[in-house]
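File shown: data.cif. Contents: mmCIF, C-alpha atoms.
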data_entry
loop_
_atom_site.label_atom_id
_atom_site.label_comp_id
_atom_site.auth_asym_id
_atom_site.auth_seq_id
_atom_site.Cartn_x
_atom_site.Cartn_y
_atom_site.Cartn_z
CA MET A 1 1.43 -40.92 -8.55
CA GLN A 2 1.56 -37.22 -9.45
CA ASN A 3 2.91 -34.78 -6.90
CA LEU A 4 0.47 -32.31 -5.36
CA LYS A 5 0.33 -28.91 -7.04
CA VAL A 6 1.32 -25.74 -5.24
CA GLY A 7 1.05 -22.22 -6.62
CA GLY A 8 4.48 -20.93 -5.66
CA LEU A 9 7.06 -20.20 -3.00
CA LYS A 10 8.28 -17.05 -1.32
CA GLN A 11 11.23 -16.68 1.01
CA SER A 12 11.99 -14.02 3.56
CA LEU A 13 15.08 -12.03 4.29
CA GLU A 14 17.12 -13.11 7.31
CA LEU A 15 15.18 -12.88 10.57
CA CYS A 16 15.64 -13.78 14.23
CA GLN A 17 13.15 -15.62 16.41
CA PHE A 18 12.14 -15.17 20.05
CA ASP A 19 10.07 -17.71 22.00
CA LEU A 20 8.52 -16.36 25.19
CA ARG A 21 6.95 -18.90 27.53
CA GLY A 22 5.43 -18.89 30.95
CA PRO A 23 2.51 -19.66 33.19
CA ASP A 24 -0.88 -17.98 33.08
CA SER A 25 -0.53 -14.40 34.22
CA SER A 26 -2.84 -11.55 35.04
CA GLU A 27 -0.56 -9.41 32.87
CA LYS A 28 -1.69 -9.00 29.29
CA THR A 29 1.59 -10.27 27.92
CA VAL A 30 1.00 -10.18 24.16
CA SER A 31 -0.33 -6.67 24.30
CA LYS A 32 2.60 -5.58 26.47
CA ILE A 33 5.26 -7.21 24.29
CA SER A 34 3.79 -5.92 21.03
CA LYS A 35 3.71 -2.42 22.57
CA LEU A 36 7.37 -2.74 23.62
CA LEU A 37 8.39 -3.75 20.10
CA ALA A 38 6.31 -0.98 18.54
CA SER A 39 8.12 1.49 20.81
CA GLN A 40 11.38 0.23 19.23
CA LYS A 41 9.88 0.57 15.72
CA SER A 42 10.32 -3.18 15.26
CA ASN A 43 8.12 -4.76 12.64
CA ILE A 44 6.94 -8.22 13.75
CA GLU A 45 7.15 -10.30 10.57
CA PHE A 46 5.74 -13.49 12.08
CA LEU A 47 3.81 -14.08 15.28
CA THR A 48 2.06 -17.04 16.86
CA TYR A 49 0.37 -17.03 20.24
CA ASN A 50 -1.11 -19.98 22.06
CA PRO A 51 -2.21 -19.58 25.67
CA ASN A 52 -2.36 -23.32 26.32
CA THR A 53 -4.18 -23.83 29.57
CA ASN A 54 -2.79 -27.36 30.01
CA ARG A 55 0.87 -26.39 29.80
CA TYR A 56 2.08 -22.81 29.45
CA HIS A 57 1.47 -19.81 27.31
CA GLN A 58 3.80 -19.28 24.36
CA LEU A 59 4.37 -16.26 22.18
CA THR A 60 6.72 -16.75 19.23
CA LEU A 61 7.78 -13.84 17.09
CA CYS A 62 10.26 -13.10 14.33
CA VAL A 63 11.78 -9.73 13.55
CA SER A 64 14.43 -8.60 11.10
CA GLN A 65 17.88 -9.99 11.94
CA ASP A 66 19.33 -6.47 12.24
CA LYS A 67 16.91 -5.91 15.15
CA PHE A 68 18.26 -8.89 17.13
CA SER A 69 20.32 -6.91 19.63
CA SER A 70 17.76 -4.20 20.33
CA THR A 71 14.88 -6.69 20.59
CA SER A 72 16.86 -9.06 22.77
CA LYS A 73 17.83 -6.19 25.07
CA ILE A 74 14.29 -4.93 25.52
CA LEU A 75 12.78 -8.38 26.06
CA LYS A 76 15.43 -9.33 28.63
CA LYS A 77 15.04 -6.11 30.56
CA ASP A 78 13.63 -6.59 34.09
CA GLY A 79 9.88 -6.20 34.13
CA SER A 80 9.36 -6.84 30.40
CA LEU A 81 7.97 -10.32 31.01
CA PRO A 82 5.61 -11.55 33.73
CA THR A 83 7.04 -13.53 36.67
CA GLY A 84 8.03 -17.07 35.69
CA TRP A 85 8.29 -16.34 31.99
CA GLN A 86 11.39 -17.38 30.07
CA ILE A 87 12.83 -16.33 26.77
CA THR A 88 14.80 -18.34 24.21
CA TRP A 89 15.93 -17.18 20.80
CA ARG A 90 17.42 -18.14 17.46
CA GLU A 91 19.59 -15.53 15.82
CA HIS A 92 19.35 -16.65 12.20
CA VAL A 93 16.04 -17.94 10.85
CA GLY A 94 14.07 -17.44 7.66
CA ILE A 95 10.49 -17.98 6.53
CA LEU A 96 9.51 -20.04 3.54
CA THR A 97 5.93 -19.45 2.42
CA VAL A 98 4.08 -21.99 0.29
CA PHE A 99 0.98 -21.05 -1.68
CA PRO A 100 -1.19 -24.16 -1.87
CA HIS A 101 -4.06 -24.69 -4.30
CA HIS A 102 -5.86 -26.99 -1.87
CA SER A 103 -5.23 -29.78 0.70
CA PRO A 104 -3.27 -27.66 3.19
CA ILE A 105 -3.02 -30.46 5.79
CA LYS A 106 -1.70 -32.91 3.23
CA ILE A 107 0.78 -30.29 2.00
CA LEU A 108 1.90 -29.77 5.59
CA GLY A 109 2.34 -33.53 5.97
CA VAL A 110 4.37 -33.86 2.76
CA ILE A 111 6.63 -30.98 3.78
CA MET A 112 7.17 -32.51 7.23
CA VAL A 113 8.16 -35.81 5.64
CA SER A 114 10.52 -34.27 3.07
CA TRP A 115 12.12 -31.82 5.50
CA GLY A 116 12.27 -34.47 8.25
CA ALA A 117 14.19 -36.77 5.90
CA LYS A 118 16.75 -34.01 5.28
CA SER A 119 16.93 -32.84 8.92
CA ILE A 120 15.51 -29.44 8.05
CA PRO A 121 13.93 -28.10 11.25
CA ILE A 122 10.53 -26.43 11.60
CA TYR A 123 10.48 -23.79 14.35
CA GLY A 124 7.06 -22.36 13.63
CA ILE A 125 4.11 -22.46 11.24
CA ALA A 126 1.29 -20.02 10.55
CA THR A 127 -1.34 -19.86 7.85
CA SER A 128 -2.97 -16.92 6.16
CA LEU A 129 -5.88 -17.00 3.75
CA SER A 130 -3.81 -18.35 0.87
CA ALA A 131 -0.45 -19.42 2.27
CA ILE A 132 1.39 -21.56 4.80
CA SER A 133 4.56 -20.03 6.29
CA PHE A 134 7.32 -22.17 7.82
CA VAL A 135 10.11 -20.84 10.03
CA THR A 136 13.39 -22.70 9.67
CA ASP A 137 17.13 -22.08 9.97
CA TYR A 138 18.17 -19.37 7.53
CA HIS A 139 21.08 -21.46 6.26
CA CYS A 140 18.62 -24.28 5.44
CA ILE A 141 16.32 -22.21 3.20
CA ASP A 142 17.87 -23.29 -0.11
CA LYS A 143 17.80 -26.95 0.93
CA ALA A 144 14.18 -26.51 2.07
CA VAL A 145 13.22 -24.97 -1.30
CA GLU A 146 14.91 -27.85 -3.11
CA ALA A 147 13.01 -30.41 -1.00
CA ILE A 148 9.71 -28.71 -1.85
CA GLN A 149 10.57 -28.53 -5.54
CA HIS A 150 11.13 -32.30 -5.47
CA SER A 151 7.92 -33.07 -3.57
CA PHE A 152 5.38 -30.83 -5.32
CA GLN A 153 4.41 -29.70 -8.78
CA LEU A 154 5.25 -26.03 -9.09
CA PRO A 155 4.34 -23.81 -12.04
CA GLU A 156 7.01 -24.08 -14.75
CA ASN A 157 10.05 -21.82 -14.43
CA ARG A 158 8.77 -20.58 -11.10
CA ALA A 159 11.74 -19.83 -8.87
CA PRO A 160 10.93 -18.84 -5.29
CA LEU A 161 10.23 -15.15 -4.88
CA LYS A 162 13.02 -13.47 -2.98
CA PRO A 163 12.62 -10.03 -1.49
CA GLU A 164 14.84 -7.36 -2.99
CA ILE A 165 13.69 -4.43 -0.92
CA ARG A 166 13.77 -4.01 2.81
CA TYR A 167 11.39 -1.37 4.15
CA TYR A 168 12.38 0.90 6.99
CA GLN A 169 9.91 2.95 8.92
CA SER A 170 11.11 6.54 8.87
CA ASP A 171 10.87 8.86 11.85
CA ILE A 172 9.49 11.57 9.57
CA VAL A 173 5.75 11.90 10.03
CA LYS A 174 3.66 13.38 7.22
CA GLY A 175 2.17 16.71 8.13
CA GLU A 176 4.78 17.61 10.74
CA MET B 1 20.40 -0.45 -3.50
CA GLU B 2 18.52 0.88 -0.50
CA THR B 3 14.96 2.09 -0.85
CA ILE B 4 13.47 4.32 1.82
CA ALA B 5 9.71 4.70 1.86
CA VAL B 6 8.03 7.20 4.12
CA TYR B 7 4.40 6.92 5.11
CA TRP B 8 2.29 7.15 8.19
CA GLU B 9 -1.37 6.58 8.92
CA PRO B 10 -3.09 8.19 11.91
CA ARG B 11 -5.31 5.09 11.95
CA ILE B 12 -3.90 1.93 10.42
CA LYS B 13 -5.83 1.00 7.30
CA THR B 14 -7.25 -2.45 6.70
CA TYR B 15 -9.20 -3.71 3.71
CA SER B 16 -11.94 -5.36 5.78
CA PHE B 17 -12.59 -7.65 8.71
CA GLN B 18 -13.67 -11.14 7.83
CA ARG B 19 -15.07 -13.70 10.19
CA LEU B 20 -15.51 -17.45 10.34
CA THR B 21 -17.79 -19.00 12.95
CA ASP B 22 -18.81 -22.43 14.25
CA LEU B 23 -15.30 -23.78 14.08
CA ALA B 24 -13.68 -26.57 16.07
CA PHE B 25 -10.33 -25.88 17.73
CA VAL B 26 -8.01 -28.90 17.77
CA GLU B 27 -4.65 -28.84 19.51
CA PHE B 28 -2.02 -31.52 20.01
CA SER B 29 1.72 -31.87 20.61
CA TYR B 30 4.20 -34.27 19.09
CA PRO B 31 7.94 -34.90 19.61
CA VAL B 32 10.04 -32.84 17.20
CA HIS B 33 12.35 -35.77 16.46
CA GLU B 34 9.31 -37.71 15.14
CA MET B 35 8.29 -34.94 12.72
CA LYS B 36 8.66 -37.27 9.75
CA SER B 37 6.26 -39.85 11.19
CA LEU B 38 3.68 -37.15 12.00
CA GLY B 39 4.09 -35.91 8.42
CA GLU B 40 3.28 -39.41 7.18
CA ILE B 41 0.01 -39.36 9.18
CA LEU B 42 -0.96 -35.87 7.97
CA SER B 43 -0.14 -36.59 4.33
CA ARG B 44 -2.53 -39.54 4.08
CA ASP B 45 -5.09 -39.35 1.28
CA GLU B 46 -8.10 -39.34 3.62
CA LEU B 47 -6.94 -35.95 4.98
CA GLN B 48 -6.60 -34.51 1.47
CA ASP B 49 -10.00 -32.81 1.58
CA VAL B 50 -9.79 -31.50 5.13
CA LYS B 51 -9.90 -27.73 4.79
CA THR B 52 -8.29 -26.10 7.77
CA LYS B 53 -9.19 -22.43 8.20
CA PHE B 54 -6.31 -21.69 10.54
CA MET B 55 -3.16 -23.44 11.61
CA ILE B 56 -0.18 -22.55 13.78
CA ALA B 57 2.68 -24.59 15.20
CA GLN B 58 5.15 -23.71 17.90
CA GLU B 59 8.26 -25.59 18.92
CA SER B 60 9.40 -25.89 22.52
CA ASP B 61 11.21 -28.33 24.81
CA GLY B 62 11.53 -31.01 22.16
CA ASP B 63 7.84 -30.91 21.20
CA ILE B 64 6.00 -29.17 18.42
CA SER B 65 2.45 -28.12 19.28
CA PHE B 66 -0.16 -27.63 16.57
CA VAL B 67 -3.43 -25.74 16.57
CA PHE B 68 -5.99 -26.27 13.82
CA CYS B 69 -9.39 -24.61 13.38
CA LEU B 70 -11.77 -26.45 11.10
CA PRO B 71 -15.47 -26.56 10.29
CA HIS B 72 -17.33 -28.47 13.04
CA LYS B 73 -17.82 -31.87 11.37
CA GLU B 74 -14.32 -31.95 9.84
CA GLY B 75 -12.83 -30.81 13.15
CA LYS B 76 -14.56 -33.57 15.09
CA ASP B 77 -13.49 -36.23 12.59
CA PHE B 78 -9.95 -34.86 12.44
CA HIS B 79 -9.69 -34.86 16.23
CA GLU B 80 -10.97 -38.45 16.48
CA SER B 81 -8.58 -39.56 13.76
CA LEU B 82 -5.62 -37.91 15.53
CA GLU B 83 -6.55 -39.47 18.87
CA LYS B 84 -6.57 -42.88 17.21
CA ASP B 85 -3.31 -42.37 15.27
CA LEU B 86 -1.15 -40.32 17.58
CA GLY B 87 -1.70 -42.24 20.80
CA PRO B 88 -0.97 -40.66 24.17
CA THR B 89 -0.19 -37.07 23.23
CA THR B 90 -1.74 -33.97 24.75
CA HIS B 91 -4.98 -33.06 23.02
CA ARG B 92 -7.33 -30.13 23.41
CA TYR B 93 -10.66 -29.74 21.63
CA ILE B 94 -12.88 -26.66 21.89
CA TYR B 95 -16.17 -26.03 20.08
CA PRO B 96 -17.38 -23.52 19.05
CA VAL B 97 -14.71 -20.90 18.36
CA ALA B 98 -14.65 -18.12 15.79
CA ILE B 99 -11.95 -16.42 13.78
CA ILE B 100 -11.68 -12.79 12.79
CA PHE B 101 -8.98 -11.99 10.26
CA PHE B 102 -7.80 -8.97 8.34
CA HIS B 103 -4.95 -7.57 6.30
CA GLY B 104 -4.05 -4.14 5.06
CA PRO B 105 -2.04 -2.22 2.49
CA HIS B 106 1.05 -1.83 4.68
CA PHE B 107 0.80 -4.92 6.88
CA GLY B 108 4.13 -6.67 6.84
CA ASP B 109 6.06 -3.51 6.04
CA ARG B 110 5.53 -1.46 9.18
CA TYR B 111 5.54 -1.79 12.93
CA GLY B 112 2.57 -1.27 15.24
CA ILE B 113 -0.02 -3.64 13.75
CA ALA B 114 0.29 -6.23 16.53
CA ASP B 115 0.29 -3.49 19.16
CA ALA B 116 -2.90 -1.93 17.75
CA THR B 117 -4.56 -5.36 17.54
CA PHE B 118 -3.67 -6.87 20.90
CA SER B 119 -3.96 -3.63 22.88
CA THR B 120 -7.44 -3.07 21.47
CA LEU B 121 -8.57 -6.58 22.39
CA SER B 122 -6.89 -6.42 25.77
CA ASN B 123 -8.53 -3.07 26.63
CA ALA B 124 -11.90 -4.57 25.70
CA ASP B 125 -11.22 -7.66 27.88
CA ILE B 126 -11.50 -9.99 24.90
CA GLU B 127 -9.65 -13.26 25.39
CA VAL B 128 -7.52 -14.48 22.48
CA ILE B 129 -7.56 -18.29 22.26
CA ALA B 130 -4.80 -18.33 19.63
CA SER B 131 -3.32 -16.07 17.01
CA GLY B 132 -1.16 -16.31 13.91
CA CYS B 133 0.23 -13.36 11.96
CA SER B 134 2.14 -14.02 8.75
CA SER B 135 2.12 -12.93 5.10
CA ALA B 136 0.71 -9.54 6.12
CA SER B 137 -2.40 -11.11 7.69
CA VAL B 138 -3.67 -11.12 11.26
CA PHE B 139 -5.74 -14.13 12.38
CA LEU B 140 -7.38 -14.17 15.81
CA VAL B 141 -9.17 -17.18 17.29
CA LEU B 142 -11.76 -16.02 19.82
CA VAL B 143 -14.57 -17.32 21.96
CA GLN B 144 -17.50 -17.31 19.54
CA ASP B 145 -19.60 -14.98 21.70
CA ASP B 146 -16.86 -12.31 21.53
CA ILE B 147 -16.76 -12.01 17.75
CA ASP B 148 -19.22 -9.07 17.43
CA LYS B 149 -17.51 -7.10 20.18
CA ALA B 150 -14.09 -7.83 18.64
CA GLU B 151 -15.18 -6.58 15.22
CA LYS B 152 -16.64 -3.45 16.79
CA VAL B 153 -13.54 -2.48 18.79
CA LEU B 154 -11.11 -3.42 16.01
CA GLY B 155 -13.27 -1.42 13.58
CA GLU B 156 -12.77 1.61 15.81
CA ALA B 157 -9.02 1.07 16.12
CA PHE B 158 -8.39 0.48 12.40
CA GLU B 159 -9.70 2.38 9.39
CA VAL B 160 -11.59 0.12 7.05
CA ALA B 161 -10.97 1.07 3.42
CA LYS B 162 -14.15 2.13 1.64
#

How does this structure look as structure tokens?
Amino acid sequence: MQNLKVGGLKQSLELCQFDLRGPDSSEKTVSKISKLLASQKSNIEFLTYNPNTNRYHQLTLCVSQDKFSSTSKILKKDGSLPTGWQITWREHVGILTVFPHHSPIKILGVIMVSWGAKSIPIYGIATSLSAISFVTDYHCIDKAVEAIQHSFQLPENRAPLKPEIRYYQSDIVKGE
Amino acid sequence: METIAVYWEPRIKTYSFQRLTDLAFVEFSYPVHEMKSLGEILSRDELQDVKTKFMIAQESDGDISFVFCLPHKEGKDFHESLEKDLGPTTHRYIYPVAIIFFHGPHFGDRYGIADATFSTLSNADIEVIASGCSSASVFLVLVQDDIDKAEKVLGEAFEVAK
């Protein structure tokens, strides 16, 4: 049987991940945390939020690895999180983004099987209009790419896109 | 080589707001160490044509929790199929929900997008059922009745490119 076709792969630079979890709170946690990170000029490169009423609320976010210390410091500061909320983190993660042609659930399933067989972890997933992004250990990215290349049909000679430029937000504001 | 780009927008630009309505929200959790067996269920041929409009997964305490938003009929069938195949895992099913999503010229390269989005919704008392932001896109799952209000307040907070 022919492998499913995907349109391409893109990998991120090195990131770090924070998982914030806690009970329902009158505080508007996502708004508060995103404001805190904006005040630090931290670009959130990946975010998932699920206020699960049956268990707890969870906000997962990834920022550039060079922002690990400053982000960690601000999130751990007293009063940053509502009462009962906890924070865990991973210092070195990366995102691998797959561009499917169709069958996103089947593609997800095939990736889970191939990564599961090679003990490549999945720490988070989010979709956009045309892509599925997977968070995994940064040191596993090459192995993860290889597993996908074996499990899917990719366009010929299509190596994963790797970023070559990191953007920084300057403090200079136009018009000042 | 280091490249420094300087830009600032008084109001963050977005290309447009797009919405999807009448969706089913399906959520379930599964043990992380059984990821391969869940993958085998999800990669079955009968799920090949299921078109999910939104998906996120979060890992915590040895479980991975998934959220899918699908058209009503597909969502109902998908939920029933999961209940049958996965056994006693935590499930949640909500219908109807709606999605509003948008992306912009600098999303992914600058800070402040999440702040502008969630502060705007929070100030308007709009509940977010789930959200996923990746690949320079923002996806928000909302109570269906809130979708008009959400588009209005987000439209005031962001500048929609003409």

Counting only C-alpha atoms, what are the residues of chain B within 7 Å of chain A, and for each of them which pair of atoms is the nearest and at what distance in Å, to one decimal? Sort the table by chain and rising number, as CSV.
residue,atom,partner,partner_atom,distance
B:Thr3,CA,A:Ile165,CA,6.6
B:Ile4,CA,A:Tyr168,CA,6.3
B:Ala5,CA,A:Tyr167,CA,6.7
B:Val6,CA,A:Ser170,CA,5.7
B:Tyr7,CA,A:Lys174,CA,6.8
B:Trp8,CA,A:Val173,CA,6.2
B:Met35,CA,A:Gly116,CA,6.0
B:Lys36,CA,A:Val113,CA,4.4
B:Gly39,CA,A:Gly109,CA,3.8
B:Glu40,CA,A:Gly109,CA,6.1
B:Leu42,CA,A:Gly109,CA,4.5
B:Ser43,CA,A:Lys106,CA,4.1
B:Arg44,CA,A:Lys106,CA,6.7
B:Leu47,CA,A:Lys106,CA,6.3
B:Gln48,CA,A:Ser103,CA,5.0
B:Asp49,CA,A:Ser103,CA,5.7
B:Val50,CA,A:Ser103,CA,6.6
B:Lys51,CA,A:Ser103,CA,6.5
B:Thr52,CA,A:Pro104,CA,7.0
B:Phe54,CA,A:Thr127,CA,5.9
B:Met55,CA,A:Thr127,CA,5.5
B:Ile56,CA,A:Ala126,CA,4.4
B:Ala57,CA,A:Ile125,CA,4.7
B:Gln58,CA,A:Gly124,CA,4.9
B:Glu59,CA,A:Tyr123,CA,5.4
B:Gly108,CA,A:Glu45,CA,6.0
B:Asp109,CA,A:Tyr167,CA,6.0
B:Arg110,CA,A:Asn43,CA,5.4
B:Tyr111,CA,A:Asn43,CA,3.9
B:Gly112,CA,A:Ala38,CA,5.0
B:Ala114,CA,A:Ser34,CA,5.7
B:Asp115,CA,A:Ser34,CA,4.7
B:Phe118,CA,A:Ser31,CA,4.8
B:Ser119,CA,A:Ser31,CA,4.9
B:Ser122,CA,A:Ser31,CA,6.7
B:Ile129,CA,A:Pro51,CA,6.5
B:Ala130,CA,A:Asn50,CA,4.7
B:Ser131,CA,A:Tyr49,CA,5.0
B:Gly132,CA,A:Thr48,CA,4.4
B:Cys133,CA,A:Leu47,CA,4.9
B:Ser134,CA,A:Phe46,CA,4.9
B:Ser135,CA,A:Ser128,CA,6.6
B:Ser137,CA,A:Ser128,CA,6.0

Please evaluate the PyMOL selection byres ((chain B and resi 145-161) around 10) against the structure above and give the resulting residues as a PyMOL selection string. chain B and resi 9-21+96-102+104-105+113+116-121+123-128+140-144+162

Please report the interatomic distance between CA of Ala136 in chain B and CA of Ile120 in chain A in Å with one decimal.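 It comes out at 24.9 Å.
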
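Among A:Gly8, A:Pro155, A:Gly22, A:Pro163, the residue with the shortest atom-to-atom distance to Ile87 in chain A, counting all atoms listed in the file, is A:Gly22.
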
Record the distance separating CA of His91 in chain B and CA of Tyr30 in chain B, expressed in Å with one decimal. 10.1 Å

With all atoms listed in the file as the atoms that count, which of B:Phe139, B:Tyr95, B:Asp61, B:Glu34 lies nearest to Glu74 in chain B?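 Distance minimum relative to Glu74 in chain B lands on B:Tyr95.
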
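The smallest atom-to-atom distance between His103 in chain B and any of B:Leu38, B:Val138, B:Leu70, B:Leu86, using all atoms listed in the file, is found for B:Val138.
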
Report as a short mmCIF file (atom, residue, chain, number, x, y, z; two decimals) with C-alpha atoms, in the coordinates of the input the residues that result from applying the PyMOL selection byres ((chain A and resi 139) around 10) to the structure here.
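Generated output (result30.cif):
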data_model
loop_
_atom_site.label_atom_id
_atom_site.label_comp_id
_atom_site.auth_asym_id
_atom_site.auth_seq_id
_atom_site.Cartn_x
_atom_site.Cartn_y
_atom_site.Cartn_z
CA GLU A 14 17.12 -13.11 7.31
CA HIS A 92 19.35 -16.65 12.20
CA VAL A 93 16.04 -17.94 10.85
CA GLY A 94 14.07 -17.44 7.66
CA ILE A 120 15.51 -29.44 8.05
CA THR A 136 13.39 -22.70 9.67
CA ASP A 137 17.13 -22.08 9.97
CA TYR A 138 18.17 -19.37 7.53
CA CYS A 140 18.62 -24.28 5.44
CA ILE A 141 16.32 -22.21 3.20
CA ASP A 142 17.87 -23.29 -0.11
CA LYS A 143 17.80 -26.95 0.93
CA ALA A 144 14.18 -26.51 2.07
#

If you apply the PyMOL selection byres ((chain B and resi 32) around 6) to this file, what residues do you get, as a PyMOL selection string? chain B and resi 31+33-35+62-64

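The residue that comes closest to Gly7 in chain A, out of A:Ile148, A:Thr83, A:Tyr56, A:Phe99 and on the basis of all atoms listed in the file, is A:Phe99.
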
Using Å and a single decimal, report how far CA of Glu27 in chain B sits from CA of Leu96 in chain A.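 CA of Leu96 in chain A sits 23.1 Å away from CA of Glu27 in chain B.
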
With a distance cut-off of 7 Å and only C-alpha atoms, select the neighbouring residues of Lys5 in chain A, excluding the residue or stretch itself and same-chain residues fewer than 2 positions from it, and output the selection as a ChimeraX atom specification. /A:3,7,101,152-154

What box, with edges along x, y and z, holds each listed atom of range 43-59 of chain A when 5 Å is added on every side, and can you state its centre and edge lengths in Å to one decimal, as AutoDock Vina command-line options?
--center_x 2.0 --center_y -16.1 --center_z 20.3 --size_x 22.3 --size_y 32.6 --size_z 29.4

For Phe25 in chain B, please output as a list in words all residues within 6 Å (counting all atoms listed in the file; exclusion window: fewer than 2 positions along the same chain).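 These residues fall inside the cut-off: Phe68, Cys69, Tyr93 and Ile94 of chain B.
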
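Ranking A:Ser69, A:Glu156, A:Leu161, A:His150 by their shortest atom-to-atom distance to Phe18 in chain A, with only C-alpha atoms included, puts A:Ser69 first.
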
So, with all atoms listed in the file as the atoms that count, which of B:Val67, B:His72, B:His106, B:Ile41 lies closest to Lys84 in chain B?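 Of the candidates, the smallest distance to Lys84 in chain B is held by B:Ile41.
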